[in-house]
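Enquirer: After the structure tokens below, expect a handful of questions from me.
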Amino acid sequence: MPCPYQAKYPFGGHVVAEVTIQVRCYEELNVHLSPDRQKKWFTVRLEEAASVRELLSCLKIPESEVDLVLVNGETAGRSCRLEDRDRVSIYPMFESLDIASLNRLRPRPLRRPAFAAGSELAGLARELEARGLNVAAPQGEAADPEALIRLSLAERRILLTRDPGLAGDPRLERLLLLRSSSPREQVEEVLRRLHLKGKTAGE
């Protein structure tokens with residue numbers, strides 16, 4: 001069944017009010033895509049003024065699985081209207097799956113989140129480390145955007161940032177774009193969004 005928001009073509013063959021956008025989905029969201037669209041940028045043609053919500057519907061990606069949408073590097077809500085040549089990055093809730101109640105083979109999960117944070121998030125990094133979490137917080141040149149991206153990719157760390165431009169980098173696969181500017185609130189945001197509340201390093 002064709003997507004109801006795809007641009008329609010009349011019998012004359014002329015396009016009726018369409019926009020062409022570039023889309024990339026990250027991590028587990030790729031399971032909703034055909035193999036030729038997974039882990040790469042691909043083109044989608046939609047009716048003019050289609051929204052992010054309509055794009056997700058067209059791609060058959062449940063909204064409940066999406067934590068962040070960037071349009072041209074800027075955060076966007078579900079109702080954001082898409083324009084021709086927009087670049088849309090769609091992210092899931094990275095490292096957010098809590099399977100503690102299903103873990104019967106081992107007393108502790110094998111996979112624990114590790115983080116990377118720039119120097120502007122030093123307060124957040126200290127607070128997370130105090131809770132027993134693995135955080136790399138480089139300083140100086142090692143904390144510039146390119147270095148942080150390399151660190152995230154090489155060590156499979158979740159990059160913590162407040163920079164939507166950095167969050168829109170197509171190379172990144174693990175990222176959490178923080179909304180709060182307060183270190184205390186940032187800690188709560190990380191713990192809440194990644195389902196880490198109440199956990200310690202030994203759990």
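Residues are named by chain letter and number: chains run A, B, ... in the order of the structure tokens, numbers start at 1 in each chain, and ligands are numbered from 1 in the order shown.
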Would you kindly return, as JSON, numbers by chain, each protein, DNA or RNA residue with an atom no farther than 9 Å from any atom of segment 179-189 of chain A, considering only C-alpha atoms and excluding same-chain residues fewer than 2 positions away?

Expert: {"A": [121, 122, 123, 124, 125, 127, 128, 162, 177, 191, 192, 193, 194, 197]}

Enquirer: Check which residues of segment 49-164 of chain A sit at most 12 Å from segment 18-42 of chain A using only C-alpha atoms, and return one row each with the closest pair of atoms and their distance in Å to one decimal, ordered by chain and rising number, as CSV.

Expert:
residue,atom,partner,partner_atom,distance
A:Ala49,CA,A:Val19,CA,7.9
A:Ala50,CA,A:Val19,CA,8.4
A:Ser51,CA,A:Val19,CA,11.1
A:Val52,CA,A:Val23,CA,10.9
A:Leu55,CA,A:Val23,CA,9.5
A:Leu56,CA,A:His32,CA,10.3
A:Ser57,CA,A:His32,CA,11.0
A:Cys58,CA,A:Leu33,CA,10.8
A:Leu59,CA,A:Leu33,CA,7.2
A:Lys60,CA,A:His32,CA,6.6
A:Ile61,CA,A:His32,CA,6.2
A:Pro62,CA,A:His32,CA,9.1
A:Glu63,CA,A:Leu29,CA,10.6
A:Ser64,CA,A:Leu29,CA,11.1
A:Glu65,CA,A:Leu29,CA,7.6
A:Val66,CA,A:Leu29,CA,8.0
A:Asp67,CA,A:Leu29,CA,10.7
A:Leu68,CA,A:Tyr26,CA,10.4
A:Val69,CA,A:Cys25,CA,9.5
A:Leu70,CA,A:Val23,CA,10.0
A:Val71,CA,A:Val23,CA,9.3
A:Asn72,CA,A:Gln22,CA,9.8
A:Arg81,CA,A:Val19,CA,10.6
A:Leu82,CA,A:Val19,CA,7.7
A:Glu83,CA,A:Val19,CA,6.1
A:Asp84,CA,A:Val19,CA,4.4
A:Arg85,CA,A:Ile21,CA,4.8
A:Asp86,CA,A:Ile21,CA,5.0
A:Arg87,CA,A:Gln22,CA,4.7
A:Val88,CA,A:Val23,CA,4.8
A:Ser89,CA,A:Arg24,CA,5.0
A:Ile90,CA,A:Cys25,CA,4.8
A:Tyr91,CA,A:Tyr26,CA,5.3
A:Pro92,CA,A:Leu29,CA,6.4
A:Met93,CA,A:Glu28,CA,9.3
A:Phe94,CA,A:Glu27,CA,7.9
A:Glu95,CA,A:Glu27,CA,10.0
A:Ser96,CA,A:Glu28,CA,11.3
A:Leu97,CA,A:Glu28,CA,10.9

Enquirer: Take the residues from that selection and put them in a file with N, CA and C atoms, as a short mmCIF file (atom, residue, chain, number, x, y, z; two decimals), in the first residue's frame.

Expert:
data_model
loop_
_atom_site.label_atom_id
_atom_site.label_comp_id
_atom_site.auth_asym_id
_atom_site.auth_seq_id
_atom_site.Cartn_x
_atom_site.Cartn_y
_atom_site.Cartn_z
N ALA A 49 4.27 20.45 2.32
CA ALA A 49 3.82 20.76 3.69
C ALA A 49 3.58 19.51 4.54
N ALA A 50 4.09 18.36 4.10
CA ALA A 50 4.00 17.17 4.96
C ALA A 50 4.82 17.41 6.23
N SER A 51 4.38 16.82 7.33
CA SER A 51 5.03 17.04 8.62
C SER A 51 5.98 15.90 8.95
N VAL A 52 6.77 16.10 10.02
CA VAL A 52 7.64 15.04 10.52
C VAL A 52 6.81 13.83 10.90
N LEU A 55 5.99 11.96 7.86
CA LEU A 55 7.16 11.24 7.36
C LEU A 55 7.35 9.93 8.13
N LEU A 56 7.25 9.99 9.47
CA LEU A 56 7.40 8.78 10.27
C LEU A 56 6.33 7.75 9.89
N SER A 57 5.13 8.22 9.67
CA SER A 57 4.06 7.31 9.27
C SER A 57 4.37 6.68 7.91
N CYS A 58 4.88 7.49 7.01
CA CYS A 58 5.22 6.99 5.68
C CYS A 58 6.30 5.92 5.75
N LEU A 59 7.26 6.11 6.66
CA LEU A 59 8.36 5.16 6.81
C LEU A 59 7.99 3.98 7.71
N LYS A 60 6.78 4.04 8.29
CA LYS A 60 6.30 2.99 9.20
C LYS A 60 7.19 2.87 10.44
N ILE A 61 7.64 4.02 10.94
CA ILE A 61 8.43 4.07 12.17
C ILE A 61 7.53 4.56 13.30
N PRO A 62 7.29 3.76 14.33
CA PRO A 62 6.42 4.20 15.43
C PRO A 62 7.00 5.42 16.14
N GLU A 63 6.16 6.41 16.40
CA GLU A 63 6.62 7.62 17.08
C GLU A 63 7.19 7.31 18.46
N SER A 64 6.67 6.28 19.10
CA SER A 64 7.12 5.94 20.45
C SER A 64 8.57 5.49 20.48
N GLU A 65 9.13 5.11 19.32
CA GLU A 65 10.51 4.64 19.26
C GLU A 65 11.49 5.76 18.91
N VAL A 66 10.98 6.94 18.65
CA VAL A 66 11.81 8.07 18.21
C VAL A 66 12.01 9.03 19.37
N ASP A 67 13.28 9.36 19.64
CA ASP A 67 13.58 10.29 20.73
C ASP A 67 14.01 11.65 20.21
N LEU A 68 14.53 11.71 19.00
CA LEU A 68 15.08 12.97 18.49
C LEU A 68 14.96 13.01 16.97
N VAL A 69 14.48 14.13 16.47
CA VAL A 69 14.46 14.39 15.03
C VAL A 69 15.16 15.71 14.77
N LEU A 70 16.12 15.70 13.88
CA LEU A 70 16.81 16.93 13.47
C LEU A 70 16.47 17.22 12.02
N VAL A 71 16.09 18.45 11.76
CA VAL A 71 15.86 18.91 10.39
C VAL A 71 16.91 19.97 10.09
N ASN A 72 17.81 19.65 9.19
CA ASN A 72 18.94 20.53 8.86
C ASN A 72 19.75 20.88 10.12
N ARG A 81 6.72 21.22 9.66
CA ARG A 81 6.47 21.03 8.24
C ARG A 81 7.79 20.96 7.47
N LEU A 82 7.91 19.99 6.60
CA LEU A 82 9.14 19.78 5.85
C LEU A 82 9.13 20.55 4.55
N GLU A 83 10.31 21.05 4.19
CA GLU A 83 10.46 21.83 2.97
C GLU A 83 11.40 21.12 2.00
N ASP A 84 11.33 21.53 0.76
CA ASP A 84 12.14 20.90 -0.27
C ASP A 84 13.62 20.96 0.08
N ARG A 85 14.32 19.84 -0.08
CA ARG A 85 15.75 19.68 0.16
C ARG A 85 16.13 19.65 1.63
N ASP A 86 15.17 19.53 2.52
CA ASP A 86 15.50 19.35 3.93
C ASP A 86 16.26 18.05 4.13
N ARG A 87 17.13 18.03 5.16
CA ARG A 87 17.84 16.82 5.58
C ARG A 87 17.34 16.45 6.97
N VAL A 88 16.79 15.26 7.08
CA VAL A 88 16.12 14.83 8.31
C VAL A 88 16.85 13.63 8.91
N SER A 89 17.33 13.80 10.15
CA SER A 89 17.98 12.72 10.88
C SER A 89 17.03 12.25 11.98
N ILE A 90 16.83 10.93 12.07
CA ILE A 90 15.86 10.37 13.02
C ILE A 90 16.59 9.42 13.96
N TYR A 91 16.51 9.70 15.26
CA TYR A 91 17.27 8.95 16.26
C TYR A 91 16.34 8.24 17.23
N PRO A 92 16.72 7.04 17.67
CA PRO A 92 15.97 6.35 18.72
C PRO A 92 16.46 6.77 20.09
N MET A 93 15.93 6.14 21.14
CA MET A 93 16.41 6.39 22.49
C MET A 93 17.63 5.51 22.72
N PHE A 94 18.80 6.03 22.44
CA PHE A 94 20.02 5.25 22.49
C PHE A 94 20.28 4.67 23.86
N GLU A 95 20.68 3.41 23.88
CA GLU A 95 21.04 2.71 25.10
C GLU A 95 19.92 2.75 26.14
N SER A 96 18.68 2.84 25.69
CA SER A 96 17.61 3.04 26.66
C SER A 96 16.85 1.76 27.00
N LEU A 97 17.21 0.65 26.40
CA LEU A 97 16.46 -0.57 26.63
C LEU A 97 16.79 -1.16 27.99
#

Enquirer: In Å, with one decimal, what is the gap from atom CA of Arg53 of chain A to atom CA of Ala76 of chain A?

Expert: 10.4 Å

Enquirer: Please, what distance in Å, to one decimal, runs between atom CA of Ala17 of chain A and atom CA of Leu46 of chain A?

Expert: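 Computed distance, atom CA of Ala17 of chain A to atom CA of Leu46 of chain A, equals 8.6 Å.
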
Enquirer: When you count only C-alpha atoms, which of these residues is closest to Arg156 of chain A: A:Leu172, A:Leu196, A:Ala143, A:Ala130?

Expert: A:Leu172

Enquirer: For Ala147 of chain A, which residue out of A:Val135, A:Leu175, A:Ala167, A:Ala116 is the nearest one, using only C-alpha atoms?

Expert: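 Smallest separation from Ala147 of chain A among the options: A:Ala116.
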
Enquirer: Compile the contact shell of Leu159 of chain A as a short mmCIF file (atom, residue, chain, number, x, y, z; two decimals) with N, CA and C atoms, in the first residue's frame: residues with an atom at most 8 Å away, counting only C-alpha atoms, same-chain residues fewer than 4 positions apart removed.

Expert:
data_model
loop_
_atom_site.label_atom_id
_atom_site.label_comp_id
_atom_site.auth_asym_id
_atom_site.auth_seq_id
_atom_site.Cartn_x
_atom_site.Cartn_y
_atom_site.Cartn_z
N PHE A 115 29.97 7.12 28.23
CA PHE A 115 29.66 8.44 27.71
C PHE A 115 30.91 9.21 27.32
N ALA A 116 30.73 10.17 26.43
CA ALA A 116 31.74 11.18 26.11
C ALA A 116 31.07 12.54 26.24
N ALA A 117 31.78 13.49 26.83
CA ALA A 117 31.20 14.83 27.03
C ALA A 117 32.26 15.88 26.79
N LEU A 148 35.68 14.73 19.63
CA LEU A 148 34.61 14.06 20.37
C LEU A 148 33.91 13.02 19.49
N ILE A 149 33.72 13.34 18.23
CA ILE A 149 33.10 12.39 17.30
C ILE A 149 33.97 11.15 17.16
N SER A 152 33.70 9.06 20.33
CA SER A 152 32.43 8.37 20.40
C SER A 152 32.41 7.14 19.50
N ARG A 174 25.66 7.21 18.31
CA ARG A 174 25.23 7.21 19.71
C ARG A 174 25.29 8.63 20.24
N LEU A 175 24.14 9.18 20.54
CA LEU A 175 24.12 10.58 20.91
C LEU A 175 22.89 10.89 21.74
N LEU A 176 23.07 11.80 22.70
CA LEU A 176 21.95 12.31 23.48
C LEU A 176 22.04 13.82 23.48
#

Enquirer: Which parts of segment 42-186 of chain A does DSSP call alpha helix (DSSP H) when run on the backbone here, written out as a PyMOL selection string?

Expert: chain A and resi 52-59+122-130+145-155+164-167+183-186

Enquirer: Find, counting only C-alpha atoms, the residue in A:Leu160, A:Leu178, A:Val190, A:Leu151 that gets nearest to Thr75 of chain A.

Expert: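 Once distances to Thr75 of chain A are computed over only C-alpha atoms, the minimum belongs to A:Leu178.
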
Enquirer: In terms of the shortest atom-to-atom distance over only C-alpha atoms, which of A:Arg45, A:Gln139, A:Glu54, A:Asp163 is closest to Ser79 of chain A?

Expert: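 Between A:Arg45, A:Gln139, A:Glu54, A:Asp163, the residue approaching Ser79 of chain A most closely is A:Glu54.
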
Enquirer: Could you please determine the separation between atom CA of Glu141 of chain A and atom CA of Glu120 of chain A in Å, to one decimal place?

Expert: 12.9 Å

Enquirer: Identify, with DSSP run on backbone atoms, the residues in segment 7-186 of chain A assigned to strand (DSSP E or B), and express the list as a VMD selection string.

Expert: chain A and resid 8 16 18 to 25 42 to 47 51 68 to 71 74 to 75 81 87 to 91 114 to 117 134 to 136 158 to 161 175 to 177
